[in-house]
>>> print(open('upload31.cif').read())   # mmCIF, C-alpha atoms
data_data
loop_
_atom_site.label_atom_id
_atom_site.label_comp_id
_atom_site.auth_asym_id
_atom_site.auth_seq_id
_atom_site.Cartn_x
_atom_site.Cartn_y
_atom_site.Cartn_z
CA MET O 1 27.79 2.08 23.49
CA SER O 2 26.93 1.36 19.89
CA ASP O 3 23.73 1.23 17.84
CA GLN O 4 24.22 -0.90 14.75
CA THR O 5 21.91 -2.04 12.03
CA SER O 6 23.12 -3.95 9.02
CA GLY O 7 21.31 -3.70 5.71
CA PRO O 8 21.82 -6.44 3.15
CA GLY O 9 25.13 -5.80 1.44
CA ALA O 10 25.25 -2.15 2.55
CA GLU O 11 28.02 -0.65 4.64
CA LEU O 12 26.61 1.87 7.06
CA ALA O 13 28.14 5.28 7.59
CA ARG O 14 29.79 5.46 11.02
CA VAL O 15 28.90 8.51 13.14
CA LEU O 16 30.31 9.18 16.62
CA PHE O 17 28.51 11.52 19.06
CA VAL O 18 30.44 12.92 22.02
CA ASP O 19 28.97 14.70 25.05
CA ASP O 20 29.71 14.55 28.78
CA GLU O 21 26.00 14.83 29.65
CA PRO O 22 24.35 11.37 29.77
CA ASN O 23 20.92 12.92 29.23
CA VAL O 24 22.12 14.61 26.05
CA LEU O 25 23.50 11.34 24.67
CA ALA O 26 20.28 9.54 25.59
CA GLY O 27 18.30 12.27 23.85
CA LEU O 28 20.43 11.98 20.72
CA ARG O 29 20.05 8.21 20.69
CA ARG O 30 16.27 8.58 20.94
CA ARG O 31 15.92 11.41 18.42
CA LEU O 32 18.14 9.73 15.83
CA SER O 33 16.65 6.24 16.12
CA GLY O 34 15.22 6.63 12.62
CA GLN O 35 18.76 6.83 11.20
CA ARG O 36 19.74 3.34 12.38
CA SER O 37 19.14 1.88 8.93
CA VAL O 38 21.77 4.19 7.39
CA TRP O 39 24.13 5.13 10.23
CA GLU O 40 26.10 3.03 12.66
CA MET O 41 25.97 5.33 15.68
CA THR O 42 28.40 5.28 18.57
CA PHE O 43 28.14 7.44 21.70
CA ALA O 44 31.04 8.56 23.91
CA SER O 45 30.92 10.48 27.20
CA GLY O 46 34.15 12.43 26.64
CA GLY O 47 37.11 13.12 24.39
CA GLU O 48 39.34 10.38 25.74
CA GLU O 49 36.64 7.74 25.31
CA ALA O 50 35.94 9.01 21.79
CA LEU O 51 39.58 8.65 20.74
CA ALA O 52 39.74 5.16 22.27
CA LEU O 53 36.68 4.15 20.26
CA MET O 54 38.14 5.61 17.08
CA ALA O 55 41.37 3.71 17.62
CA GLN O 56 39.31 0.51 17.52
CA GLN O 57 37.25 1.54 14.49
CA PRO O 58 37.61 4.82 12.57
CA VAL O 59 34.42 6.77 11.93
CA ASP O 60 33.17 8.90 9.05
CA VAL O 61 31.82 11.80 11.13
CA VAL O 62 32.45 13.07 14.68
CA VAL O 63 29.80 15.30 16.29
CA THR O 64 30.99 16.70 19.62
CA ASP O 65 29.99 19.09 22.36
CA MET O 66 32.41 21.94 22.97
CA ARG O 67 32.49 22.36 26.76
CA MET O 68 33.50 19.09 28.42
CA PRO O 69 35.73 18.39 31.44
CA GLY O 70 39.22 17.15 30.70
CA MET O 71 39.54 17.13 26.93
CA ASP O 72 37.14 19.69 25.48
CA GLY O 73 35.60 19.63 22.01
CA ALA O 74 38.27 21.79 20.38
CA GLN O 75 41.06 19.58 21.76
CA LEU O 76 39.23 16.44 20.66
CA LEU O 77 38.74 17.70 17.12
CA GLY O 78 42.36 18.79 17.02
CA GLU O 79 43.37 15.20 17.75
CA VAL O 80 40.88 13.87 15.20
CA LEU O 81 42.33 16.27 12.64
CA ARG O 82 45.85 15.02 13.40
CA LEU O 83 45.06 11.29 13.56
CA TYR O 84 42.07 10.89 11.24
CA PRO O 85 42.04 13.85 8.80
CA ALA O 86 39.49 12.18 6.50
CA THR O 87 36.89 12.15 9.30
CA ALA O 88 34.37 14.99 9.11
CA ARG O 89 34.34 17.19 12.23
CA ILE O 90 31.19 18.90 13.56
CA VAL O 91 30.62 20.78 16.81
CA LEU O 92 27.14 20.58 18.39
CA SER O 93 27.23 22.88 21.38
CA GLY O 94 25.58 25.68 23.29
CA HIS O 95 26.90 29.21 23.66
CA ALA O 96 30.68 29.43 23.34
CA GLY O 97 32.89 32.33 24.31
CA LEU O 98 35.27 33.97 21.87
CA GLU O 99 38.27 32.14 23.32
CA SER O 100 36.60 28.77 22.71
CA ILE O 101 35.59 29.82 19.21
CA ILE O 102 39.15 30.77 18.33
CA ALA O 103 40.44 27.44 19.64
CA ALA O 104 37.89 25.51 17.58
CA ILE O 105 38.08 27.41 14.28
CA GLY O 106 40.89 25.37 12.75
CA PRO O 107 39.82 21.79 13.52
CA THR O 108 36.04 22.43 13.26
CA GLN O 109 34.48 22.08 9.83
CA GLN O 110 30.91 22.89 10.89
CA TYR O 111 29.33 24.27 14.04
CA LEU O 112 25.71 23.60 15.04
CA ALA O 113 24.10 25.37 17.98
CA LYS O 114 22.12 23.73 20.78
CA PRO O 115 19.21 23.34 20.86
CA CYS O 116 19.40 21.84 17.38
CA GLU O 117 16.42 20.51 15.46
CA THR O 118 16.76 16.84 14.57
CA ASP O 119 16.25 17.59 10.88
CA THR O 120 19.05 20.17 10.97
CA LEU O 121 21.46 17.74 12.61
CA VAL O 122 20.57 14.93 10.22
CA ALA O 123 20.93 17.26 7.23
CA ALA O 124 24.39 18.38 8.38
CA VAL O 125 25.65 14.82 8.84
CA GLU O 126 24.07 13.59 5.60
CA GLY O 127 25.55 16.59 3.82
CA VAL O 128 29.15 15.77 4.74
CA LEU O 129 28.54 12.08 3.99
CA ARG O 130 27.36 12.99 0.49
CA ILE O 131 30.42 15.18 0.04
CA ARG O 132 32.67 12.28 1.03
CA ASP O 133 31.14 10.24 -1.80
CA MET O 134 32.36 12.88 -4.25
CA LEU O 135 35.92 11.53 -3.93
CA SER O 136 36.75 7.84 -3.83
CA CYS O 137 40.45 8.20 -3.01
CA ASP O 138 41.04 8.18 0.75
CA GLN O 139 44.42 9.88 0.31
CA ILE O 140 42.75 12.90 -1.30
CA ARG O 141 40.05 12.90 1.37
CA LYS O 142 42.77 13.04 4.01
CA ALA O 143 44.59 15.86 2.23
CA LEU O 144 41.47 17.99 1.92
CA GLY O 145 39.95 16.99 5.25
CA GLY O 146 43.23 17.80 6.97
CA VAL O 147 43.04 21.46 5.99
CA GLU O 148 43.15 23.64 9.09
CA ASN O 149 43.96 26.90 7.34
CA LEU O 150 43.92 27.40 3.59
CA PRO O 151 47.22 28.37 1.96
CA LYS O 152 47.47 32.12 1.57
CA PRO O 153 50.21 34.74 1.20
CA PRO O 154 51.90 35.74 4.50
CA ARG O 155 51.03 39.36 3.69
CA VAL O 156 47.36 38.68 4.57
CA HIS O 157 48.17 38.11 8.23
CA THR O 158 50.75 40.90 8.30
CA GLU O 159 48.35 43.41 6.76
CA MET O 160 45.45 42.34 8.98
CA VAL O 161 47.50 42.70 12.16
CA ALA O 162 48.66 46.13 11.00
CA VAL O 163 45.06 47.19 10.35
CA VAL O 164 43.61 46.00 13.68
CA SER O 165 46.55 47.49 15.58
CA THR O 166 45.46 50.99 14.61
CA PRO O 167 42.99 52.57 17.08
CA ASP O 168 40.50 53.81 14.46
CA PHE O 169 40.36 50.97 11.93
CA THR O 170 37.08 50.51 10.07
CA ILE O 171 34.99 47.73 8.56
CA ALA O 172 36.10 48.93 5.13
CA ASP O 173 39.78 48.60 6.13
CA VAL O 174 39.29 44.97 7.19
CA ALA O 175 37.13 44.09 4.19
CA ALA O 176 39.77 45.50 1.83
CA VAL O 177 42.38 43.08 3.20
CA VAL O 178 40.00 40.09 3.14
CA GLU O 179 38.82 40.74 -0.41
CA ARG O 180 42.36 40.63 -1.75
CA ASP O 181 42.66 36.88 -1.21
CA ILE O 182 40.12 34.18 -2.16
CA ALA O 183 41.25 31.79 0.59
CA THR O 184 40.60 34.46 3.22
CA VAL O 185 37.21 35.22 1.67
CA ALA O 186 36.25 31.54 1.94
CA GLU O 187 37.42 31.24 5.56
CA VAL O 188 35.65 34.42 6.70
CA LEU O 189 32.38 33.39 5.03
CA LYS O 190 32.69 29.89 6.51
CA LEU O 191 33.06 31.39 9.97
CA VAL O 192 30.34 34.03 9.84
CA ASN O 193 27.78 31.62 8.35
CA SER O 194 28.38 29.02 11.04
CA ALA O 195 26.29 28.83 14.20
CA PHE O 196 29.23 30.33 16.11
CA PHE O 197 27.49 33.55 15.11
CA VAL O 198 23.71 33.22 15.04
CA ILE O 199 22.98 34.95 11.72
CA PRO O 200 19.39 34.49 10.46
CA GLN O 201 20.23 34.76 6.73
CA PRO O 202 23.25 33.48 4.74
CA VAL O 203 25.95 36.13 4.35
CA GLU O 204 27.68 36.44 0.98
CA SER O 205 29.09 39.97 1.25
CA ILE O 206 32.51 40.38 2.85
CA THR O 207 31.71 43.87 4.11
CA ARG O 208 28.55 42.57 5.80
CA ALA O 209 30.44 39.54 7.15
CA VAL O 210 33.05 41.78 8.77
CA ALA O 211 30.34 44.03 10.21
CA LEU O 212 28.53 41.04 11.72
CA LEU O 213 31.72 39.65 13.24
CA GLY O 214 32.38 42.97 14.92
CA MET O 215 35.62 44.85 15.45
CA GLU O 216 36.66 43.12 18.67
CA THR O 217 36.15 39.66 17.19
CA VAL O 218 38.12 40.59 14.06
CA ARG O 219 40.92 41.98 16.22
CA SER O 220 41.03 38.81 18.33
CA LEU O 221 40.99 36.59 15.24
CA ALA O 222 43.84 38.54 13.67
CA LEU O 223 46.07 38.78 16.74
CA SER O 224 45.55 35.09 17.59
CA GLY O 225 46.39 34.04 14.02
CA ALA O 226 43.03 32.30 13.58
CA VAL O 227 41.56 32.55 10.05
CA PHE O 228 44.26 34.92 8.72
CA ARG O 229 47.41 32.84 9.24
CA PRO O 230 49.20 31.70 6.06
CA GLY O 231 48.70 27.92 6.18
CA PRO O 232 50.80 25.61 3.96
CA GLN O 233 53.29 27.16 1.55
CA LEU O 234 52.25 27.72 -2.06
CA PRO O 235 54.49 27.18 -5.10
CA GLU O 236 56.29 30.40 -6.00
CA SER O 237 54.93 30.24 -9.53
CA LEU O 238 51.30 30.30 -8.36
CA ASP O 239 50.13 33.88 -8.67
CA VAL O 240 47.35 34.25 -6.08
CA GLU O 241 46.54 37.76 -7.28
CA GLU O 242 45.96 36.46 -10.81
CA LEU O 243 43.79 33.72 -9.30
CA ARG O 244 41.76 36.34 -7.43
CA GLN O 245 41.35 38.60 -10.44
CA ARG O 246 40.25 35.69 -12.62
CA GLY O 247 37.83 34.50 -9.96
CA LEU O 248 36.42 37.98 -9.37
CA HIS O 249 35.89 38.48 -13.10
CA ALA O 250 34.19 35.10 -13.43
CA GLY O 251 32.04 35.77 -10.35
CA VAL O 252 30.81 39.13 -11.62
CA LEU O 253 29.98 37.65 -15.05
CA ALA O 254 28.20 34.62 -13.56
CA GLN O 255 26.15 36.90 -11.31
CA ARG O 256 25.30 39.11 -14.28
CA ILE O 257 24.00 36.05 -16.17
CA ALA O 258 21.96 34.87 -13.17
CA VAL O 259 20.32 38.27 -12.74
CA ALA O 260 19.54 38.57 -16.46
CA GLU O 261 17.97 35.10 -16.44
CA GLY O 262 15.73 36.13 -13.56
CA TRP O 263 17.00 33.41 -11.20
CA GLN O 264 16.01 33.92 -7.59
CA HIS O 265 16.35 32.19 -4.18
CA GLY O 266 19.98 33.19 -3.77
CA ALA O 267 21.11 32.07 -7.23
CA PRO O 268 22.84 35.38 -8.16
CA GLY O 269 24.83 35.29 -4.92
CA HIS O 270 25.71 31.63 -5.44
CA ALA O 271 26.76 32.40 -9.00
CA PHE O 272 29.10 35.16 -7.84
CA LEU O 273 30.72 33.06 -5.09
CA ALA O 274 31.03 29.99 -7.33
CA GLY O 275 32.83 32.06 -9.95
CA LEU O 276 35.02 33.76 -7.35
CA LEU O 277 35.95 30.47 -5.62
CA HIS O 278 36.00 28.11 -8.60
CA GLU O 279 39.78 27.61 -8.25
CA LEU O 280 39.81 27.46 -4.43
CA GLY O 281 40.79 23.78 -4.54
CA LEU O 282 43.92 24.63 -6.52
CA LEU O 283 45.44 26.27 -3.43
CA VAL O 284 45.32 23.03 -1.44
CA LEU O 285 46.23 20.74 -4.34
CA ALA O 286 49.17 22.90 -5.46
CA SER O 287 50.57 23.31 -1.94
CA GLY O 288 50.43 19.53 -1.44
CA ASN O 289 51.77 18.65 -4.90
CA PRO O 290 53.92 21.49 -6.31
CA GLY O 291 55.31 19.23 -9.02
CA GLY O 292 51.85 18.38 -10.26
CA TYR O 293 50.93 22.04 -10.33
CA GLU O 294 54.04 22.87 -12.35
CA ALA O 295 53.17 20.17 -14.90
CA ILE O 296 49.70 21.65 -15.31
CA ARG O 297 51.00 25.21 -15.49
CA ARG O 298 53.55 24.34 -18.15
CA ALA O 299 50.91 22.60 -20.25
CA ALA O 300 48.85 25.82 -20.31
CA LEU O 301 45.90 24.00 -21.83
CA ALA O 302 43.06 26.11 -23.19
CA ASP O 303 40.54 23.31 -23.58
CA PRO O 304 38.66 22.72 -20.29
CA GLY O 305 38.24 19.01 -21.04
CA GLU O 306 41.97 18.48 -21.49
CA LEU O 307 42.71 20.52 -18.38
CA GLN O 308 40.33 18.35 -16.38
CA GLN O 309 42.11 15.18 -17.57
CA LEU O 310 45.49 16.62 -16.61
CA GLU O 311 44.24 17.64 -13.16
CA ARG O 312 42.96 14.12 -12.54
CA ARG O 313 46.29 12.67 -13.62
CA GLU O 314 48.44 14.99 -11.50
CA PHE O 315 46.21 15.53 -8.45
CA GLY O 316 43.86 12.54 -8.46
CA CYS O 317 40.82 14.83 -8.76
CA THR O 318 39.86 18.04 -10.50
CA VAL O 319 40.40 21.47 -9.01
CA GLY O 320 36.62 21.93 -9.05
CA GLN O 321 36.03 18.71 -7.11
CA ALA O 322 38.60 19.72 -4.49
CA GLY O 323 37.02 23.15 -4.02
CA GLY O 324 33.51 21.73 -3.89
CA TYR O 325 34.64 19.12 -1.38
CA LEU O 326 36.04 21.76 0.97
CA LEU O 327 33.00 24.03 0.69
CA GLY O 328 30.71 21.04 1.25
CA LEU O 329 32.57 19.98 4.39
CA TRP O 330 32.21 23.54 5.64
CA GLY O 331 28.45 23.55 5.16
CA PHE O 332 28.15 25.99 2.25
CA PRO O 333 24.85 25.81 0.27
CA VAL O 334 24.43 22.71 -1.90
CA ALA O 335 23.86 24.71 -5.10
CA LEU O 336 27.11 26.64 -4.58
CA VAL O 337 29.03 23.45 -3.77
CA GLN O 338 27.75 21.73 -6.91
CA ALA O 339 28.49 24.75 -9.09
CA VAL O 340 32.13 24.73 -7.95
CA ALA O 341 32.54 20.95 -8.00
CA SER O 342 31.16 20.69 -11.55
CA GLN O 343 33.83 22.95 -13.03
CA PRO O 344 34.89 22.78 -15.76
CA CYS O 345 31.26 22.00 -16.61
CA GLN O 346 30.80 20.62 -20.12
CA PRO O 347 27.79 21.70 -22.24
CA THR O 348 26.70 18.07 -22.46
CA GLY O 349 27.17 17.37 -18.73
CA PRO O 350 24.15 15.20 -17.83
CA ALA O 351 24.05 16.22 -14.17
CA ALA O 352 24.70 19.93 -14.72
CA VAL O 353 22.00 22.47 -13.84
CA PRO O 354 21.65 26.01 -15.29
CA LEU O 355 23.74 27.56 -12.49
CA ASP O 356 26.63 25.19 -13.26
CA HIS O 357 26.49 26.15 -16.95
CA ALA O 358 26.39 29.87 -16.15
CA VAL O 359 29.46 29.62 -13.92
CA ALA O 360 31.31 27.52 -16.52
CA PHE O 361 30.49 30.05 -19.25
CA ALA O 362 31.65 32.92 -17.06
CA VAL O 363 34.85 31.09 -16.14
CA ARG O 364 35.63 30.46 -19.82
CA TYR O 365 34.89 34.07 -20.72
CA ALA O 366 37.08 35.34 -17.87
CA ARG O 367 39.98 33.27 -19.19
CA ALA O 368 39.44 34.23 -22.85
CA PRO O 369 36.18 35.32 -24.52
CA GLU O 370 36.78 33.03 -27.47
CA LEU O 371 36.67 30.00 -25.14
CA ALA O 372 33.10 30.87 -24.17
CA THR O 373 31.83 31.84 -27.61
CA ALA O 374 33.34 28.68 -29.12
CA VAL O 375 31.11 26.46 -26.93
CA VAL O 376 29.11 24.09 -29.14
CA PRO O 377 25.42 24.88 -28.49
CA VAL O 378 23.63 21.82 -27.17
CA GLY O 379 20.73 21.11 -24.81
CA TYR O 380 20.15 23.86 -22.25
CA LEU O 381 23.08 25.84 -23.62
CA ASP O 382 21.48 26.41 -27.01
CA ALA O 383 22.68 28.87 -29.65
CA GLU O 384 20.33 31.64 -28.53
CA ARG O 385 21.45 31.37 -24.90
CA VAL O 386 25.16 31.26 -25.84
CA ALA O 387 24.73 34.42 -27.90
CA ARG O 388 22.76 36.18 -25.14
CA TRP O 389 25.27 35.28 -22.45
CA ALA O 390 28.20 36.32 -24.64
CA ALA O 391 26.56 39.71 -25.22
CA LEU O 392 26.01 40.14 -21.48
CA CYS O 393 29.66 39.36 -20.74
CA ALA O 394 30.90 41.60 -23.56
CA GLY O 395 28.68 44.43 -22.34
CA HIS O 396 30.16 44.18 -18.86
CA ARG O 397 33.68 44.16 -20.29
CA GLU O 398 32.97 47.31 -22.34
CA ALA O 399 31.35 49.01 -19.35
CA GLY O 400 34.34 48.14 -17.17
#
>>> encode(input="upload31.cif", output="structure tokens")
Amino acid sequence: MSDQTSGPGAELARVLFVDDEPNVLAGLRRRLSGQRSVWEMTFASGGEEALALMAQQPVDVVVTDMRMPGMDGAQLLGEVLRLYPATARIVLSGHAGLESIIAAIGPTQQYLAKPCETDTLVAAVEGVLRIRDMLSCDQIRKALGGVENLPKPPRVHTEMVAVVSTPDFTIADVAAVVERDIATVAEVLKLVNSAFFVIPQPVESITRAVALLGMETVRSLALSGAVFRPGPQLPESLDVEELRQRGLHAGVLAQRIAVAEGWQHGAPGHAFLAGLLHELGLLVLASGNPGGYEAIRRAALADPGELQQLERREFGCTVGQAGGYLLGLWGFPVALVQAVASQPCQPTGPAAVPLDHAVAFAVRYARAPELATAVVPVGYLDAERVARWAALCAGHREAG
């Protein structure tokens, strides 16, 4: 069953919807009729049929129900992950038990809860389609889309299991382990902000995220290996603790700038997370191309522009683009995704917004204060703002 509309000279995005309930598929077809000019929509009544359709013609996005007879949604997305890693993977389902959630965590990039407003569903699909346009190389899309667990030190899983195996462990105990690794921070925030857990407001605090997950869920996630397992191996020369410290410093400085500027609507929280996670993409790129990482590490370039060129040469994209791509696939806020993807943001960047500049300034200052203060004032980042931001960062450094 396929709904196709061809615009003149335009290739439509291909979206596959999977559900064993004919009424649900009929409802989706009716509700999404307005998307026919931009999506080529295909509808499958089960996992096996979906894979057969994809074998004939790969799709850009799969949206599947979780509970289906035979091959369920988690199994289907596991196969999509294995066979078509560049395809975006979204679950659209009703209430799921913890066991189903654990099975789906790895292969699922986003989870939407039924009943789902049409606008919410369209926004989720359009969001991952926009993210796909960020990278033109299908090989890089496959590498990033194929991420099931981010690379992280084995100690994370070992320490988490040790914590949850004690009878009186606390939220603070769990948060302390999570906060020591940026990959684990990203995965926990991805999970708690998904519709797996119906949270009314975005969660940006790890302590709050752990509290909302609950002790039993955290214990199950740890003992099953979901979220906390190591993932692909990292190069020995990549110091994840240094990465975390640099990210934490940049995040605190970026948040300090956002607060001082009076930005609202979540901007301070986005600034902190963008600074903290600005090198998230390096974990995936370095694990997949250790030689490329070594070349970049040996170059030890101070100039962000030169570093960006070297990243493109060795990895095929920048570290910022890779991190933004992952966060976008996972449904993180657009402003946060852009702030990460734009790094290293240049003062003259035509598409950069104030948040992007604040994160870039904080990242430079965290690496070396002289990198930030040497920025040539231009446009939004004028001389007065550079001086004010430098004073804010220096004041934090002295206070710390």
>>> residues_around(input="upload31.cif", residues="segment 103-120 of chain O", least_positions_apart="2", cutoff="8 Å", atoms="all atoms listed in the file", output="PyMOL selection string")
chain O and resi 31-32+73-75+77-78+81+88-95+99-101+122-124+148-149+191+194-196+226-227+329-331
>>> residues_around(input="upload31.cif", residues="Ile296 of chain O", least_positions_apart="2", cutoff="8 Å", atoms="all atoms listed in the file", output="PDB file with C-alpha atoms, in the frame of the given file")
ATOM      1  CA  GLY O 292      51.850  18.380 -10.260  1.00  0.00           C
ATOM      2  CA  TYR O 293      50.930  22.040 -10.330  1.00  0.00           C
ATOM      3  CA  GLU O 294      54.040  22.870 -12.350  1.00  0.00           C
ATOM      4  CA  ARG O 298      53.550  24.340 -18.150  1.00  0.00           C
ATOM      5  CA  ALA O 299      50.910  22.600 -20.250  1.00  0.00           C
ATOM      6  CA  ALA O 300      48.850  25.820 -20.310  1.00  0.00           C
ATOM      7  CA  LEU O 301      45.900  24.000 -21.830  1.00  0.00           C
ATOM      8  CA  LEU O 307      42.710  20.520 -18.380  1.00  0.00           C
ATOM      9  CA  LEU O 310      45.490  16.620 -16.610  1.00  0.00           C
ATOM     10  CA  GLU O 311      44.240  17.640 -13.160  1.00  0.00           C
ATOM     11  CA  GLU O 314      48.440  14.990 -11.500  1.00  0.00           C
TER      12      GLU O 314
END
>>> closest_residue(input="upload31.cif", among="O:Glu236, O:Glu49, O:Glu261, O:Glu159", to="Leu355 of chain O", atoms="only C-alpha atoms")
O:Glu261
>>> resolve_selection(input="upload31.cif", expression="the PyMOL selection byres ((chain O and resi 392-396) around 12)", output="PyMOL selection string")
chain O and resi 249-261+358-359+361-366+368-370+372-373+385-391+397-400
>>> resolve_selection(input="upload31.cif", expression="the PyMOL selection byres ((chain O and resi 61) around 6)", output="list in words")
Val15, Val59, Asp60, Val62, Thr87 and Ala88 of chain O
>>> atom_distance(input="upload31.cif", atom1="atom CA of Val218 of chain O", atom2="atom CA of Val284 of chain O")
24.5 Å
>>> closest_residue(input="upload31.cif", among="O:Ser136, O:Asn289, O:Ser165, O:Thr184", to="Arg229 of chain O", atoms="only C-alpha atoms")
O:Thr184
